[in-house]
Amino acid sequence: MLFKHLSRLLPATGIRLYATAEKSALATLRKKTGYTFANCKKALELHNNDLAKAEQWLKEQATAMGWSKATKLEGRNTAQGLIGVLVQRNVGAMVEVNCETDFVARNASFQRFVQVASAACVRHLEKVESDANLTKVGLNSEALKQIVLDDGKSLGDHLALMIGTVGENASLNRAICYKVPDSIQLTGYVHPAPSEEIPHDVPLLGKYGSLVAFKSEHSTVQEGADGAELSPAQVARKVCQHIVGMKPERIGVPGKDEPAADKDDETCLIHQEYLVDPAYTVGEVLEANRLQIVDFQRFACGEKSQSEEQNVRAATN
């Protein structure tokens with residue numbers, strides 16, 4: 001009787017164990033890939049619960065579907081989006097990625113893609129032979145799509161996959177990249193600024209961005225408006241913030257470029273009223289901190305497209 005009783009229980013126990021394992025695999029796959037319950041379940045069923053094979057199948061399907069979706073949506077206007085800014089040691093990149101709506105610009109998948117694109121541009125420039133002074137590279141949409149990531153796929157492939165995920169058109173618009181020697185430093189800024197401190201290896205995301213190359217004659221600190229001491233790098237970052245807010249068109253040369261008659265029409269950086277403290281001009285702040293702006297770039301998301309020659313000014317060495 002006992003044997004018969006156990007024989008009736010064992011098959012049910014086996015089924016329960018199998019179901020538990022299947023549920024665990026499904027949960028793991030969903031957490032790892034982010035794909036739907038139905039797609040993950042189908043992937044596991046097709047590959048006998050082999051997680052690695054199921055994940056690979058999902059990626060292949062998603063890529064194929066992404067390209068299909070991207071083709072269907074191609075041509076639809078993309079005026080929204082984000083600017084990504086990343087500075088790592090002697091290399092910096094600023095990238096604009098566009099989408100159709102601000103709703104998608106807040107989507108986690110879209111934001112991850114902007115961060116991936118920013119990091120890819122930094123790695124791309126790390127391989128570029130640098131000049132003695134500042135190396136500045138502008139990348140248009142097609143050039144961005146051709147950048148290959150560590151997984152062997154291009155940014156264009158990842159863009160198609162993201163389009164398939166968010167369900168609306170998106171585009172890699174442009175990027176500007178800097179590579180500098182030890183004598184020059186880089187800093188970047190986005191607006192709206194993050195509400196909390198972001199690790200240096202994580203790209204900043206915003207609607208506006210700026211990238212600045214600068215030289216510092218010393219490493220001493222100056223007092224800020226609130227009495228706090230600021231390092232040259234911190235002052236340069238505040239100049240970055242000023243560039244986003246005041247939209248200068250060029251740096252300017254002291255003694256050569258005259259201030260505009262109306263301060264509200266001023267487009268020369270050194271003659272503009274300093275955004276942080278309008279009692280001073282940017283030129284006065286730079287002089288007081290013994291800083292020199294080597295070059296800068298400002299992006300506003302969705303601003304009217306310009307030619308590459310207009311986007312990329314010659315660096316001031």
# chains A, B, ... in the order shown; residues from 1 in each chain; ligands from 1

$ select_by_dssp --residues "range 122-160 of chain A" --states "helix (DSSP H, G or I)" --output "list in words"
Val122, Arg123, His124, Leu125, Glu126, Ser141, Glu142, Ala143, Leu144, Lys145, Leu155, Gly156, Asp157, His158, Leu159 and Ala160 of chain A

$ closest_atom_pairs --of "range 185-211 of chain A" --to "range 128-148 of chain A" --cutoff "12 Å" --atoms "only C-alpha atoms" --output "JSON lines"
{"residue": "A:Gln185", "atom": "CA", "partner": "A:Leu134", "partner_atom": "CA", "distance": 10.0}
{"residue": "A:Leu186", "atom": "CA", "partner": "A:Leu134", "partner_atom": "CA", "distance": 10.4}
{"residue": "A:Leu211", "atom": "CA", "partner": "A:Lys136", "partner_atom": "CA", "distance": 11.3}

$ write_last_selection --atoms "all heavy atoms" --output "PDB file, in the first residue's frame"
ATOM      1  N   GLN A 185      42.182  70.066 -20.338  1.00  0.00           N
ATOM      2  CA  GLN A 185      41.180  69.298 -19.603  1.00  0.00           C
ATOM      3  C   GLN A 185      39.812  69.435 -20.276  1.00  0.00           C
ATOM      4  O   GLN A 185      39.580  70.368 -21.051  1.00  0.00           O
ATOM      5  CB  GLN A 185      41.096  69.787 -18.155  1.00  0.00           C
ATOM      6  CG  GLN A 185      42.391  69.649 -17.365  1.00  0.00           C
ATOM      7  CD  GLN A 185      42.253  70.205 -15.965  1.00  0.00           C
ATOM      8  OE1 GLN A 185      41.431  69.732 -15.166  1.00  0.00           O
ATOM      9  NE2 GLN A 185      43.056  71.217 -15.651  1.00  0.00           N
ATOM     10  N   LEU A 186      38.931  68.509 -19.960  1.00  0.00           N
ATOM     11  CA  LEU A 186      37.586  68.507 -20.519  1.00  0.00           C
ATOM     12  C   LEU A 186      36.543  68.501 -19.405  1.00  0.00           C
ATOM     13  O   LEU A 186      36.764  67.924 -18.330  1.00  0.00           O
ATOM     14  CB  LEU A 186      37.365  67.268 -21.403  1.00  0.00           C
ATOM     15  CG  LEU A 186      38.215  67.140 -22.662  1.00  0.00           C
ATOM     16  CD1 LEU A 186      37.978  65.772 -23.308  1.00  0.00           C
ATOM     17  CD2 LEU A 186      37.906  68.249 -23.650  1.00  0.00           C
ATOM     18  N   LEU A 211      30.023  70.952 -24.090  1.00  0.00           N
ATOM     19  CA  LEU A 211      31.306  70.281 -23.901  1.00  0.00           C
ATOM     20  C   LEU A 211      32.376  71.357 -24.013  1.00  0.00           C
ATOM     21  O   LEU A 211      32.373  72.135 -24.968  1.00  0.00           O
ATOM     22  CB  LEU A 211      31.492  69.207 -24.970  1.00  0.00           C
ATOM     23  CG  LEU A 211      32.572  68.134 -24.768  1.00  0.00           C
ATOM     24  CD1 LEU A 211      32.316  67.336 -23.487  1.00  0.00           C
ATOM     25  CD2 LEU A 211      32.589  67.201 -25.968  1.00  0.00           C
TER      26      LEU A 211
END

$ select_by_dssp --residues "range 112-293 of chain A" --states "strand (DSSP E)" --output "PyMOL selection string"
chain A and resi 135-140+170-179+185-191+204-206+208-216+222-223+229-230+291-293

$ residues_around --residues "Ser210 in chain A" --least-positions-apart "2" --cutoff "6 Å" --atoms "only C-alpha atoms" --output "list in words"
Gly188, Tyr189, Cys240, Gln297 and Arg298 of chain A

$ write_last_selection --atoms "N, CA, C and O atoms" --output "tab-separated table (two decimals), in the first residue's frame"
chain	number	residue	atom	x	y	z
A	188	GLY	N	31.89	68.67	-19.03
A	188	GLY	CA	30.61	68.71	-19.74
A	188	GLY	C	29.47	69.03	-18.79
A	188	GLY	O	29.61	68.93	-17.56
A	189	TYR	N	28.34	69.40	-19.38
A	189	TYR	CA	27.17	69.79	-18.57
A	189	TYR	C	25.91	69.55	-19.39
A	189	TYR	O	25.92	69.67	-20.63
A	240	CYS	N	30.58	75.96	-18.50
A	240	CYS	CA	29.79	75.03	-19.32
A	240	CYS	C	28.30	75.30	-19.14
A	240	CYS	O	27.54	75.33	-20.11
A	297	GLN	N	31.45	73.43	-27.44
A	297	GLN	CA	30.34	73.08	-28.33
A	297	GLN	C	29.07	73.04	-27.51
A	297	GLN	O	29.08	72.58	-26.35
A	298	ARG	N	27.99	73.48	-28.09
A	298	ARG	CA	26.68	73.48	-27.42
A	298	ARG	C	25.67	72.81	-28.31
A	298	ARG	O	25.60	73.10	-29.50
